[in-house]
file protein.cif (mmCIF, C-alpha atoms and all ligand atoms)
data_coords
loop_
_atom_site.label_atom_id
_atom_site.label_comp_id
_atom_site.auth_asym_id
_atom_site.auth_seq_id
_atom_site.Cartn_x
_atom_site.Cartn_y
_atom_site.Cartn_z
CA MET A 1170 68.77 96.91 125.11
CA ALA A 1171 67.46 96.94 121.56
CA LEU A 1172 67.94 100.70 121.47
CA ARG A 1173 71.57 100.33 122.49
CA PHE A 1174 72.10 97.87 119.65
CA LEU A 1175 70.61 100.22 117.12
CA CYS A 1176 72.88 103.01 118.29
CA ASN A 1177 75.99 100.93 117.79
CA ALA A 1178 75.14 99.01 114.65
CA LYS A 1179 75.59 100.07 111.08
CA ILE A 1180 72.68 99.62 108.73
CA SER A 1181 73.55 96.66 106.58
CA PRO A 1182 73.01 96.71 102.85
CA PRO A 1183 70.08 94.62 101.67
CA HIS A 1184 70.93 90.97 101.31
CA HIS A 1185 68.71 88.51 99.53
CA VAL A 1186 69.77 85.26 101.10
CA LYS A 1187 67.02 82.73 100.82
CA VAL A 1188 66.78 80.51 103.88
CA ASN A 1189 65.55 77.08 102.88
CA LEU A 1190 63.56 75.65 105.79
CA ARG A 1191 63.96 72.08 104.65
CA SER A 1192 63.90 70.72 108.12
CA LYS A 1193 61.83 72.98 110.30
CA LYS A 1194 62.30 70.86 113.37
CA CYS A 1195 66.08 70.89 113.18
CA LEU A 1196 66.13 74.58 112.40
CA GLN A 1197 63.89 75.16 115.39
CA ASN A 1198 66.47 73.33 117.48
CA VAL A 1199 69.12 75.77 116.24
CA LYS A 1200 66.91 78.69 117.28
CA ASN A 1201 66.19 77.12 120.64
CA LEU A 1202 69.88 76.42 121.25
CA VAL A 1203 70.95 79.98 120.44
CA LYS A 1204 68.22 81.40 122.66
CA SER A 1205 68.79 78.94 125.51
CA VAL A 1206 72.44 79.75 126.13
CA GLY A 1207 71.48 83.23 127.28
CA VAL A 1208 73.76 84.94 124.81
CA PRO A 1209 74.74 88.20 126.53
CA SER A 1210 76.20 89.66 123.39
CA ILE A 1211 72.86 89.51 121.60
CA SER A 1212 71.70 92.49 123.56
CA SER A 1213 74.99 94.31 123.99
CA SER A 1214 77.47 96.01 121.73
CA PRO A 1215 80.86 94.56 120.76
CA ILE A 1216 82.62 97.37 122.59
CA GLU A 1217 80.82 96.40 125.80
CA SER A 1218 82.15 92.89 125.37
CA LEU A 1219 85.68 94.31 125.26
CA GLN A 1220 85.01 96.25 128.43
CA ARG A 1221 83.68 93.16 130.19
CA GLY A 1222 86.44 90.93 128.90
CA ASN A 1223 84.15 88.59 126.99
CA TRP A 1224 84.89 89.76 123.45
CA VAL A 1225 85.26 86.93 120.93
CA LYS A 1226 86.51 87.42 117.41
CA LEU A 1227 86.44 84.84 114.64
CA ILE A 1228 89.50 85.07 112.41
CA CYS A 1229 88.65 83.81 108.94
CA GLY A 1230 92.27 84.41 107.93
CA ALA A 1231 93.95 87.47 106.44
CA SER A 1232 94.75 85.49 103.29
CA PHE A 1233 91.87 83.01 103.28
CA GLU A 1234 89.57 83.82 100.36
CA ASP A 1235 87.27 80.82 99.88
CA VAL A 1236 84.01 82.75 99.87
CA VAL A 1237 81.76 79.72 100.34
CA ASP A 1238 83.60 78.62 103.48
CA ILE A 1239 83.83 82.19 104.74
CA ARG A 1240 80.10 82.72 104.31
CA ASN A 1241 79.29 79.47 106.13
CA LEU A 1242 81.76 80.15 108.95
CA SER A 1243 80.39 83.66 109.39
CA LEU A 1244 76.85 82.34 109.60
CA VAL A 1245 77.71 79.70 112.20
CA TYR A 1246 79.81 81.97 114.41
CA THR A 1247 77.26 84.78 114.22
CA LEU A 1248 74.73 82.34 115.67
CA ALA A 1249 77.29 81.44 118.34
CA GLY A 1250 77.43 85.10 119.36
CA VAL A 1251 80.88 86.34 118.30
CA ASP A 1252 81.49 90.08 118.49
CA CYS A 1253 83.59 90.44 115.40
CA ILE A 1254 84.51 88.57 112.24
CA ASP A 1255 87.96 89.29 110.88
CA CYS A 1256 88.61 88.59 107.21
CA ALA A 1257 90.81 89.36 104.22
CA ALA A 1258 90.69 92.91 102.89
CA ASP A 1259 89.02 91.84 99.68
CA ALA A 1260 85.66 93.06 98.41
CA SER A 1261 84.20 89.64 97.64
CA VAL A 1262 85.37 88.24 100.97
CA VAL A 1263 83.78 91.13 102.85
CA SER A 1264 80.54 90.51 100.96
CA ALA A 1265 80.68 86.81 101.85
CA VAL A 1266 81.10 87.60 105.55
CA ASN A 1267 78.17 90.01 105.48
CA GLU A 1268 75.99 87.52 103.61
CA GLY A 1269 76.74 84.89 106.23
CA ILE A 1270 75.88 87.31 109.01
CA GLU A 1271 72.59 88.33 107.41
CA ALA A 1272 71.67 84.69 106.71
CA ALA A 1273 72.25 83.95 110.42
CA ARG A 1274 70.10 86.91 111.43
CA GLU A 1275 67.27 85.56 109.30
CA ILE A 1276 67.36 82.42 111.42
CA VAL A 1277 67.63 84.17 114.79
CA TYR A 1278 67.42 87.93 114.96
CA LEU A 1279 70.49 88.93 116.91
CA ARG A 1280 73.06 91.64 117.04
CA ARG A 1281 75.27 92.02 114.01
CA PRO A 1282 78.93 91.30 114.78
CA TRP A 1283 81.43 93.82 113.52
CA VAL A 1284 83.26 93.06 110.30
CA MET A 1285 87.01 93.66 110.46
CA ILE A 1286 89.42 93.64 107.53
CA SER A 1287 93.07 92.75 108.01
CA VAL A 1288 95.97 94.40 106.24
CA ASN A 1289 99.76 94.50 106.64
CA ASP A 1290 102.30 97.28 106.51
CA ASP A 1291 105.17 95.02 105.41
CA LYS A 1292 106.09 91.38 104.86
CA ASP A 1293 104.11 89.26 107.33
CA LEU A 1294 103.40 85.56 107.78
CA HIS A 1295 99.66 86.12 107.49
CA PHE A 1296 100.02 87.66 104.05
CA ARG A 1297 101.55 84.95 101.92
CA LYS A 1298 100.57 82.02 99.76
CA ALA A 1299 102.22 78.74 98.91
CA GLU A 1300 102.90 78.05 95.25
CA PHE A 1301 104.39 75.24 93.18
CA ASP A 1302 104.10 73.76 89.72
CA PRO A 1303 102.66 70.25 90.10
CA GLU A 1304 104.02 69.26 86.71
CA ASP A 1305 107.46 69.85 88.17
CA CYS A 1306 106.87 67.33 91.00
CA PRO A 1307 108.13 63.74 90.75
CA VAL A 1308 105.13 61.53 89.99
CA ASP A 1309 106.16 59.07 92.69
CA CYS A 1310 106.14 61.70 95.43
CA SER A 1311 104.02 60.59 98.37
CA ARG A 1312 102.57 64.14 98.54
CA PRO A 1313 103.23 65.01 102.17
CA CYS A 1314 102.27 68.58 101.31
CA GLU A 1315 98.69 67.47 100.68
CA ASN A 1316 98.43 65.68 104.02
CA VAL A 1317 99.92 68.44 106.15
CA CYS A 1318 97.76 71.28 104.82
CA PRO A 1319 95.13 72.21 107.43
CA ALA A 1320 93.05 74.10 104.89
CA ASN A 1321 92.72 71.38 102.24
CA ALA A 1322 94.41 73.89 99.99
CA ILE A 1323 96.60 71.36 98.19
CA LEU A 1324 94.71 69.05 95.90
CA PHE A 1325 95.82 66.75 93.13
CA LYS A 1326 93.82 65.19 90.36
CA GLY A 1327 94.19 61.50 89.65
CA LYS A 1328 96.92 59.12 90.69
CA SER A 1329 100.43 60.37 91.09
CA THR A 1330 102.40 57.57 92.66
CA LEU A 1331 104.41 54.80 91.14
CA GLU A 1332 101.13 53.27 90.07
CA ALA A 1333 101.21 55.65 87.16
CA SER A 1334 104.55 54.48 85.88
CA HIS A 1335 103.83 50.81 86.75
CA GLY A 1336 100.63 50.82 84.74
CA THR A 1337 99.97 49.72 81.23
CA THR A 1338 101.83 52.64 79.73
CA ASP A 1339 105.50 53.22 80.36
CA LYS A 1340 105.04 56.94 80.01
CA PRO A 1341 104.57 58.40 83.54
CA ARG A 1342 101.78 60.89 83.99
CA VAL A 1343 102.50 64.32 85.38
CA LEU A 1344 100.74 65.62 88.46
CA LYS A 1345 97.78 67.94 88.00
CA GLY A 1346 96.31 70.26 90.59
CA GLY A 1347 98.41 72.00 93.19
CA VAL A 1348 97.64 74.86 95.55
CA VAL A 1349 94.06 76.15 95.63
CA THR A 1350 95.13 79.73 96.05
CA GLU A 1351 91.97 81.09 97.64
CA ARG A 1352 92.12 78.41 100.36
CA CYS A 1353 95.80 78.85 101.23
CA TYR A 1354 96.18 81.12 104.25
CA GLY A 1355 99.95 80.99 104.45
CA CYS A 1356 100.44 78.80 107.53
CA GLY A 1357 103.70 77.54 106.06
CA ARG A 1358 103.33 73.93 107.16
CA CYS A 1359 103.79 72.59 103.65
CA PHE A 1360 107.14 74.33 103.03
CA PRO A 1361 109.40 72.12 105.18
CA VAL A 1362 107.71 68.80 104.34
CA CYS A 1363 108.40 68.85 100.61
CA PRO A 1364 111.34 66.46 100.06
CA TYR A 1365 112.16 68.15 96.75
CA ASP A 1366 111.97 71.76 97.92
CA LYS A 1367 109.40 72.61 95.27
CA ILE A 1368 107.14 74.92 97.29
CA ARG A 1369 107.70 78.66 97.12
CA GLU A 1370 106.43 81.37 99.43
CA VAL A 1371 104.71 84.28 97.69
CA THR A 1372 104.31 87.32 99.93
CA TYR A 1373 102.25 90.41 99.32
CA VAL A 1374 101.22 93.66 100.97
CA ARG A 1375 97.60 94.81 100.75
CA ASP A 1376 97.18 97.97 98.72
CA ALA A 1377 96.39 100.96 100.95
CA SER A 1378 94.06 102.78 98.55
CA THR A 1379 91.99 99.61 98.00
CA THR A 1380 91.83 99.21 101.78
CA ALA A 1381 90.69 102.83 102.19
CA ASP A 1382 87.86 102.22 99.69
CA LEU A 1383 86.83 99.05 101.51
CA ILE A 1384 86.75 100.84 104.86
CA LYS A 1385 84.25 103.32 103.44
CA ARG A 1386 81.77 100.55 102.65
CA ASN A 1387 78.93 100.57 105.10
CA ASP A 1388 79.45 96.90 105.96
CA VAL A 1389 83.02 97.24 107.26
CA ASP A 1390 83.36 98.28 110.90
CA ALA A 1391 86.93 97.66 111.93
CA LEU A 1392 90.47 97.50 110.62
CA GLU A 1393 93.41 95.42 111.79
CA ILE A 1394 96.95 96.37 110.86
CA HIS A 1395 99.56 93.64 111.16
CA THR A 1396 102.97 95.06 111.89
CA SER A 1397 106.25 93.63 113.10
CA GLY A 1398 106.68 96.35 115.73
CA ARG A 1399 110.41 96.34 115.01
CA GLN A 1400 110.28 99.71 113.31
CA THR A 1401 107.42 102.08 112.56
CA THR A 1402 108.34 103.51 109.15
CA PHE A 1403 106.03 101.21 107.22
CA PHE A 1404 103.24 101.60 109.74
CA ASN A 1405 103.53 105.37 109.41
CA GLU A 1406 103.38 105.16 105.61
CA LEU A 1407 100.31 102.91 105.68
CA TRP A 1408 98.56 105.09 108.25
CA ASP A 1409 99.19 108.16 106.09
CA ALA A 1410 97.96 106.38 102.96
CA LEU A 1411 94.71 105.36 104.66
CA GLY A 1412 93.98 109.05 105.13
CA ASP A 1413 90.52 110.07 106.28
CA SER A 1414 89.11 106.57 105.75
CA VAL A 1415 90.05 105.66 109.33
CA GLY A 1416 87.37 108.09 110.48
CA TYR A 1417 84.74 105.60 109.26
CA LEU A 1418 85.88 102.90 111.68
CA ARG A 1419 84.51 101.79 115.05
CA LEU A 1420 87.65 99.93 116.08
CA ILE A 1421 91.28 99.88 114.98
CA ALA A 1422 93.36 96.89 115.97
CA VAL A 1423 97.11 96.58 115.73
CA SER A 1424 98.34 93.01 115.62
CA LEU A 1425 101.94 92.47 116.62
CA PRO A 1426 104.21 89.65 117.77
CA ASP A 1427 105.88 89.61 121.15
CA GLY A 1428 108.84 91.89 120.62
CA GLY A 1429 110.40 91.25 124.02
CA ASN A 1430 111.67 94.20 126.01
CA SER A 1431 111.06 96.69 123.21
CA ILE A 1432 107.36 95.94 122.83
CA ILE A 1433 106.05 98.78 125.00
CA THR A 1434 108.28 101.29 123.21
CA SER A 1435 106.98 100.02 119.86
CA MET A 1436 103.37 100.23 121.01
CA LYS A 1437 103.87 103.77 122.24
CA GLU A 1438 105.37 104.83 118.91
CA ILE A 1439 102.52 103.22 116.99
CA PHE A 1440 99.95 104.84 119.25
CA SER A 1441 101.54 108.26 118.80
CA ILE A 1442 101.30 107.81 115.02
CA MET A 1443 97.62 106.88 115.22
CA LYS A 1444 96.53 109.32 117.90
CA PRO A 1445 95.98 112.49 115.81
CA ARG A 1446 93.43 110.70 113.58
CA LEU A 1447 92.17 108.08 116.03
CA ARG A 1448 88.44 108.71 116.45
CA CYS A 1449 87.39 105.29 117.67
CA SER A 1450 88.47 102.61 120.13
CA ASN A 1451 91.78 100.86 119.62
CA LEU A 1452 92.94 97.36 120.42
CA TRP A 1453 96.26 95.53 120.64
CA GLN A 1454 96.14 92.02 119.23
CA LEU A 1455 98.79 89.94 121.00
CA ASP A 1456 99.85 87.47 118.33
CA GLY A 1457 101.45 84.70 120.36
CA ARG A 1458 102.22 81.81 118.02
CA PRO A 1459 100.68 82.72 114.66
CA MET A 1460 98.25 80.37 112.94
CA SER A 1461 98.82 77.45 115.29
CA GLY A 1462 95.73 77.08 117.49
CA ASP A 1463 94.71 73.86 115.74
CA ILE A 1464 98.09 72.18 116.27
CA GLY A 1465 97.69 71.28 119.94
CA ARG A 1466 96.77 72.34 123.45
CA GLY A 1467 100.07 74.06 124.20
CA ALA A 1468 99.93 76.36 121.19
CA THR A 1469 98.14 78.97 123.27
CA LYS A 1470 100.96 79.35 125.83
CA ALA A 1471 102.79 82.06 123.88
CA SER A 1472 99.74 84.33 123.64
CA ILE A 1473 99.02 83.91 127.36
CA ALA A 1474 102.64 84.71 128.27
CA PHE A 1475 102.43 87.79 126.03
CA ALA A 1476 99.24 88.91 127.81
CA VAL A 1477 100.80 88.37 131.24
CA ARG A 1478 103.72 90.64 130.37
CA LEU A 1479 101.57 93.38 128.86
CA ALA A 1480 98.99 93.30 131.63
CA ALA A 1481 101.81 93.94 134.12
CA ALA A 1482 103.20 96.85 132.10
CA GLU A 1483 101.42 99.86 133.54
CA ASP A 1484 103.12 102.20 131.09
CA ARG A 1485 101.56 100.57 128.02
CA PRO A 1486 99.63 102.92 125.75
CA PRO A 1487 95.79 103.02 125.75
CA GLY A 1488 93.86 100.25 124.06
CA PHE A 1489 92.13 96.98 124.77
CA LEU A 1490 94.24 93.84 124.93
CA GLN A 1491 93.14 90.77 122.99
CA LEU A 1492 94.85 87.42 122.54
CA ALA A 1493 95.41 85.66 119.21
CA GLY A 1494 97.96 83.34 117.65
CA GLY A 1495 97.64 79.80 118.96
CA THR A 1496 94.42 80.44 120.84
CA ASN A 1497 92.20 77.41 121.31
CA ALA A 1498 89.94 75.65 123.81
CA GLN A 1499 92.68 75.89 126.48
CA THR A 1500 93.11 79.66 126.31
CA VAL A 1501 90.47 80.61 128.86
CA ASP A 1502 91.81 78.11 131.41
CA GLY A 1503 95.30 79.51 130.88
CA LEU A 1504 94.07 83.06 131.46
CA LYS A 1505 92.20 81.96 134.58
CA LYS A 1506 95.38 80.43 136.01
CA GLU A 1507 97.12 83.75 135.51
CA GLY A 1508 94.24 85.67 137.09
CA LEU A 1509 93.61 87.51 133.84
CA PHE A 1510 90.25 86.15 132.72
CA GLN A 1511 87.64 88.89 132.97
CA THR A 1512 89.64 90.55 135.70
CA SER A 1513 88.84 94.21 136.13
CA THR A 1514 91.56 96.86 136.14
CA GLY A 1515 89.61 99.57 137.91
CA LYS A 1516 90.42 101.99 135.12
CA ASN A 1517 89.40 102.74 131.57
CA LEU A 1518 91.86 101.07 129.26
CA ASN A 1519 90.69 102.76 126.15
CA GLY A 1520 92.18 106.18 126.72
CA GLU A 1521 90.55 109.43 125.75
CA SER A 1522 90.09 108.74 122.10
CA SER A 1523 87.01 106.53 122.11
CA ARG A 1524 83.76 107.79 120.68
CA THR A 1525 81.88 104.53 120.72
CA CYS A 1526 83.03 103.50 124.17
CA SER A 1527 80.48 104.05 126.92
CA HIS A 1528 83.27 104.99 129.36
CA SER A 1529 82.49 102.67 132.21
CA SER A 1530 84.72 103.28 135.18
CA SER A 1531 86.48 99.93 135.03
CA HIS A 1532 87.47 97.61 132.22
CA ALA A 1533 88.66 94.04 132.03
CA LEU A 1534 92.41 93.79 131.91
CA VAL A 1535 92.17 91.49 128.90
CA GLY A 1536 89.32 92.44 126.56
CA GLY A 1537 88.93 89.09 124.90
CA ILE A 1538 90.19 86.40 122.57
CA ALA A 1539 90.38 85.94 118.83
CA TYR A 1540 90.17 82.40 117.48
CA GLY A 1541 91.41 81.42 114.03
CA GLY A 1542 92.70 78.01 113.02
CA TYR A 1543 91.08 76.20 115.92
CA ALA A 1544 87.68 77.83 115.31
CA ARG A 1545 87.85 76.99 111.62
CA LYS A 1546 88.94 73.43 112.35
CA ILE A 1547 86.09 72.46 114.66
CA VAL A 1548 83.40 73.85 112.36
CA GLY A 1549 85.33 72.94 109.22
CA ARG A 1550 84.87 69.23 110.00
CA VAL A 1551 81.11 69.72 109.73
CA LEU A 1552 81.42 71.86 106.61
CA ARG A 1553 83.61 69.27 104.84
CA SER A 1554 81.15 66.50 105.63
CA MET A 1555 78.23 68.60 104.36
CA GLN A 1556 80.09 69.52 101.19
CA PHE A 1557 81.03 65.89 100.60
CA LYS A 1558 77.33 65.00 100.57
CA HIS A 1559 75.84 68.10 98.97
CA GLY A 1560 78.59 69.68 96.91
CA GLY A 1561 81.28 72.28 97.47
CA ALA A 1562 78.91 75.23 97.12
CA ALA A 1563 76.44 74.02 99.76
CA LEU A 1564 75.03 76.77 101.96
CA ILE A 1565 74.79 75.53 105.51
CA GLU A 1566 71.43 77.12 106.31
CA GLU A 1567 69.89 74.84 103.71
CA TYR A 1568 71.00 71.79 105.70
CA PRO A 1569 69.71 72.26 109.26
CA GLU A 1570 71.24 69.10 110.69
CA PRO A 1571 74.83 70.07 109.91
CA LEU A 1572 73.92 73.61 110.87
CA LEU A 1573 72.87 72.47 114.34
CA GLU A 1574 76.03 70.40 114.68
CA ALA A 1575 78.22 73.32 113.55
CA VAL A 1576 76.58 75.78 115.94
CA GLN A 1577 77.04 73.30 118.80
CA GLU A 1578 80.74 73.04 117.93
CA ALA A 1579 81.10 76.82 117.73
CA LEU A 1580 79.36 77.27 121.07
CA THR A 1581 81.75 74.89 122.81
CA LEU A 1582 84.51 77.39 121.97
CA VAL A 1583 82.71 80.75 122.16
CA GLY A 1584 80.95 79.51 125.29
CA THR A 1585 84.22 79.23 127.21
CA VAL A 1586 84.43 83.02 127.07
CA LYS A 1587 80.81 84.10 127.01
CA TYR A 1588 78.31 81.62 128.32
CA HIS A 1589 79.01 80.31 131.74
CA ASN A 1590 75.78 78.31 131.76
CA LEU A 1591 76.89 76.01 128.96
S1 LIG B 1601 100.86 77.43 103.42
FE1 LIG B 1601 99.50 76.27 104.79
S2 LIG B 1601 97.44 76.66 103.99
FE2 LIG B 1601 98.89 77.22 102.35
S3 LIG B 1601 99.05 75.38 101.11
FE3 LIG B 1601 100.75 75.34 102.61
S4 LIG B 1601 99.94 74.11 104.31
FE4 LIG B 1601 98.19 74.75 103.07
S1 LIG B 1602 105.65 67.29 98.52
FE1 LIG B 1602 106.72 68.64 97.06
S2 LIG B 1602 107.23 67.36 95.33
FE2 LIG B 1602 105.72 66.24 96.55
S3 LIG B 1602 103.77 66.73 95.55
FE3 LIG B 1602 104.09 68.21 97.24
S4 LIG B 1602 105.11 69.97 96.27
FE4 LIG B 1602 105.29 68.25 94.86
#

call {"tool": "encode", "arguments": {"input": "protein.cif", "output": "C-alpha cells"}}
result
Amino acid sequence: MALRFLCNAKISPPHHVKVNLRSKKCLQNVKNLVKSVGVPSISSSPIESLQRGNWVKLICGASFEDVVDIRNLSLVYTLAGVDCIDCAADASVVSAVNEGIEAAREIVYLRRPWVMISVNDDKDLHFRKAEFDPEDCPVDCSRPCENVCPANAILFKGKSTLEASHGTTDKPRVLKGGVVTERCYGCGRCFPVCPYDKIREVTYVRDASTTADLIKRNDVDALEIHTSGRQTTFFNELWDALGDSVGYLRLIAVSLPDGGNSIITSMKEIFSIMKPRLRCSNLWQLDGRPMSGDIGRGATKASIAFAVRLAAAEDRPPGFLQLAGGTNAQTVDGLKKEGLFQTSTGKNLNGESSRTCSHSSSHALVGGIAYGGYARKIVGRVLRSMQFKHGGAALIEEYPEPLLEAVQEALTLVGTVKYHNL
C-alpha cells in the first residue's frame, strides 16, 4: 500500500513547520483517534477514492484568502482523511494549504491529499468580494451585515450606534473597519440585508497565465474550472490560455450549475474542448446551491437532485461525478435514499483519457462529495475559540486540545462518507 501511495504522490517541497508538543497526552489522543477510525484513504490514492465513491474534498473557498485559517483547516481535514483540498488560485494560499498538510503529516504520517486550485472562465458567484466604505454608513446603523456574514469578514472598530451621537460630544463618530477582503468568499448574504444599499459586489476573473504558472508548481495537483455551462466560448479561451500547463495535472474538475435540459449538451461540448489535451482524470462538480451548506439541512437537496438527473443520463460524457453546493451532514443520507451512495455502475466512468486511473472494471456512480461552508463552519467554531484565547495567528497544532476537538468535528463529517465504523 505504501508503494501505491508513493507512485501517486508528488514530492512535496520542504516545509519547516515546527510542531509544538505542548500537551503530549492530548496530541497522542489525536494520533490515536486518526489511527483508530481505520482511515481507508491513508493507504489509498485519491483517484481510488473516486472510483469507490468515497472521495471527500474540502473546499476552502475560491475567494477565501485568510492564510492562517486556510492552513489550520487544511491541517485538520488532512488528519480527517480528505482526498483533496480545494483553494483559491493564489500563490500564498497554495503555500498555506501545503503547510497545513505537512504539519498534519508531522503529527500522523498519512497520505498527502491533492491540492486543487479553483479558477473561473467568466463572472461567477464564487469569484467576487463584498465592498463598502464604512465611513459612508450611518453611525446608527444596527450593522446587520456584520451579523449575517458567515465568515466574520465584516468587522467594525468601536461603537457605531446612537451611543456615539448620544455621548458627551455632539459630533457623531464615523464607522471604521468594513470588509476584511481576504476573509470574504462572496456568499452574497450581506448584500440584501443592508438597509441603505451600501454594499457593492466586486467580481473578478482569475488570470490564466498566473494560473498556468501555479499549476506548474510541484505542490499543485488539480485544477477546477468554474463555468456557467450556458456557452463555451469563455471556457475555450481559458483552456487555450492554460496551454501545456494542464499536462502537469492529476485531475481536472469542471464545476457547473444545473443547467436543466441543456446540461448534457454543455458537458459534451466542454469535454470535446478538453479532450485533445486531457492527460489525466476528469471530474464534473455538480454545484447544487452554491455556498449554502451551512444554512440548513435542506440546502443539500439541489445537489442531490442534480446528481440524480446526471446519474440517469447514460449519454453524459466521461468523468467522475461529485456533489458540491449546499452539501452538509445530510448529503450522504440523501444519496442513500436515492440509491446513489457508493453504488457501482459496472463500467469505468473515467473514459479513455486517464493516466493515473487504475482502470478498475467498475466505478461508483457518484465519486464523492465536496464540502465547503458546512465543513468550515463546524471546524471554524473551534478555530475562533482558539484564536480568541491565543490570538488570531494561532497555529492549531500548538494547541492540542482544540486540535483534538477540531479533528473530532471534521471526522463527524468526513466519516459519513469514509468511515463506517465511526
Ligand atoms: S459576501 Fe458573504 S463572506 Fe463576503 S462579506 Fe458578505 S456575507 Fe461576508
Ligand atoms: S448594514 Fe449597510 S449601512 Fe449598515 S453598517 Fe452594514 S454596510 Fe453599513

call {"tool": "residues_around", "arguments": {"input": "protein.cif", "residues": "region 1298-1314 of chain A", "least_positions_apart": "4", "cutoff": "7 Å", "atoms": "all atoms listed in the file", "output": "list of chain:residue names"}}
result
A:Cys1318, A:Ser1329, A:Thr1330, A:Leu1331, A:Arg1342, A:Val1343, A:Leu1344, A:Lys1345, A:Gly1346, A:Gly1347, A:Val1348, A:Thr1350, A:Cys1353, A:Tyr1354, A:Gly1355, A:Cys1359, A:Val1362, A:Cys1363, A:Lys1367, A:Ile1368, A:Arg1369, A:Glu1370, A:Val1371, A:Thr1372

call {"tool": "atom_distance", "arguments": {"input": "protein.cif", "atom1": "CA of Leu1504 (chain A)", "atom2": "CA of Phe1475 (chain A)"}}
result
11.0 Å

call {"tool": "residues_around", "arguments": {"input": "protein.cif", "residues": "Met1443 (chain A)", "least_positions_apart": "4", "cutoff": "8 Å", "atoms": "all atoms listed in the file", "output": "number ranges by chain"}}
result
A: 1408, 1439, 1447

call {"tool": "residues_around", "arguments": {"input": "protein.cif", "residues": "Gln1454 (chain A)", "least_positions_apart": "4", "cutoff": "8 Å", "atoms": "only C-alpha atoms", "output": "compact mmCIF listing (two decimals) with C-alpha atoms, in the coordinates of the input"}}
result
# COMPACT_ATOMS: atom_id res chain seq x y z
CA ALA A 1422 93.36 96.89 115.97
CA VAL A 1423 97.11 96.58 115.73
CA SER A 1424 98.34 93.01 115.62
CA LEU A 1425 101.94 92.47 116.62
CA LEU A 1490 94.24 93.84 124.93
CA GLN A 1491 93.14 90.77 122.99
CA LEU A 1492 94.85 87.42 122.54
CA ALA A 1493 95.41 85.66 119.21

call {"tool": "atom_distance", "arguments": {"input": "protein.cif", "atom1": "CA of Lys1204 (chain A)", "atom2": "CA of Ile1276 (chain A)"}}
result
11.3 Å

call {"tool": "residues_around", "arguments": {"input": "protein.cif", "residues": "region 1532-1540 of chain A", "least_positions_apart": "5", "cutoff": "6 Å", "atoms": "all atoms listed in the file", "output": "ChimeraX atom specification"}}
result
/A:1219-1228,1489-1493,1496,1511-1514,1517

call {"tool": "atom_distance", "arguments": {"input": "protein.cif", "atom1": "CA of Arg1553 (chain A)", "atom2": "CA of Asp1502 (chain A)"}}
result
29.2 Å

call {"tool": "residues_around", "arguments": {"input": "protein.cif", "residues": "Asn1405 (chain A)", "least_positions_apart": "3", "cutoff": "12 Å", "atoms": "all atoms listed in the file", "output": "number ranges by chain"}}
result
A: 1289-1291, 1377, 1394, 1396, 1398, 1400-1402, 1408-1412, 1438-1444

call {"tool": "residues_near_point", "arguments": {"input": "protein.cif", "point": "(109.5, 99.8, 123.2)", "cutoff": "12 Å", "atoms": "all atoms listed in the file", "output": "ChimeraX atom specification"}}
result
/A:1398-1401,1427-1440,1479,1482,1484-1486

call {"tool": "closest_residue", "arguments": {"input": "protein.cif", "among": "A:Cys1229, A:Leu1582, A:Val1317, A:Leu1383", "to": "Ala1260 (chain A)", "atoms": "all atoms listed in the file"}}
result
A:Leu1383

call {"tool": "closest_residue", "arguments": {"input": "protein.cif", "among": "A:Ile1270, A:Phe1360, A:Gly1230, A:Val1263", "to": "Phe1296 (chain A)", "atoms": "only C-alpha atoms"}}
result
A:Gly1230

call {"tool": "axis_aligned_box", "arguments": {"input": "protein.cif", "around": "region 1365-1376 of chain A", "padding_each_side": "3 Å", "output": "lines of an AutoDock Vina configuration file"}}
result
center_x = 104.7
center_y = 83.1
center_z = 98.1
size_x = 21.0
size_y = 35.8
size_z = 11.7

call {"tool": "build_atoms", "arguments": {"input": "protein.cif", "residues": "region 1288-1298 of chain A", "atoms": "N, CA and C atoms", "output": "PDB file, in the coordinates of the input"}}
result
ATOM      1  N   VAL A1288      94.960  93.996 107.210  1.00  0.00           N
ATOM      2  CA  VAL A1288      95.970  94.400 106.240  1.00  0.00           C
ATOM      3  C   VAL A1288      97.346  94.344 106.911  1.00  0.00           C
ATOM      4  N   ASN A1289      98.385  94.504 106.101  1.00  0.00           N
ATOM      5  CA  ASN A1289      99.760  94.500 106.640  1.00  0.00           C
ATOM      6  C   ASN A1289     100.500  95.732 106.145  1.00  0.00           C
ATOM      7  N   ASP A1290     101.495  96.133 106.933  1.00  0.00           N
ATOM      8  CA  ASP A1290     102.300  97.280 106.510  1.00  0.00           C
ATOM      9  C   ASP A1290     103.611  96.839 105.861  1.00  0.00           C
ATOM     10  N   ASP A1291     103.911  95.535 105.965  1.00  0.00           N
ATOM     11  CA  ASP A1291     105.170  95.020 105.410  1.00  0.00           C
ATOM     12  C   ASP A1291     105.035  93.503 105.337  1.00  0.00           C
ATOM     13  N   LYS A1292     106.099  92.834 104.948  1.00  0.00           N
ATOM     14  CA  LYS A1292     106.090  91.380 104.860  1.00  0.00           C
ATOM     15  C   LYS A1292     105.617  90.781 106.196  1.00  0.00           C
ATOM     16  N   ASP A1293     104.711  89.823 106.112  1.00  0.00           N
ATOM     17  CA  ASP A1293     104.110  89.260 107.330  1.00  0.00           C
ATOM     18  C   ASP A1293     103.630  87.852 107.008  1.00  0.00           C
ATOM     19  N   LEU A1294     103.779  86.961 107.978  1.00  0.00           N
ATOM     20  CA  LEU A1294     103.400  85.560 107.780  1.00  0.00           C
ATOM     21  C   LEU A1294     101.955  85.387 107.328  1.00  0.00           C
ATOM     22  N   HIS A1295     101.086  86.273 107.797  1.00  0.00           N
ATOM     23  CA  HIS A1295      99.660  86.120 107.490  1.00  0.00           C
ATOM     24  C   HIS A1295      99.329  86.520 106.056  1.00  0.00           C
ATOM     25  N   PHE A1296     100.306  87.146 105.395  1.00  0.00           N
ATOM     26  CA  PHE A1296     100.020  87.660 104.050  1.00  0.00           C
ATOM     27  C   PHE A1296     100.981  86.994 103.061  1.00  0.00           C
ATOM     28  N   ARG A1297     100.736  85.721 102.854  1.00  0.00           N
ATOM     29  CA  ARG A1297     101.550  84.950 101.920  1.00  0.00           C
ATOM     30  C   ARG A1297     100.745  83.758 101.431  1.00  0.00           C
ATOM     31  N   LYS A1298     101.200  83.206 100.329  1.00  0.00           N
ATOM     32  CA  LYS A1298     100.570  82.020  99.760  1.00  0.00           C
ATOM     33  C   LYS A1298     101.678  81.028  99.376  1.00  0.00           C
TER      34      LYS A1298
END
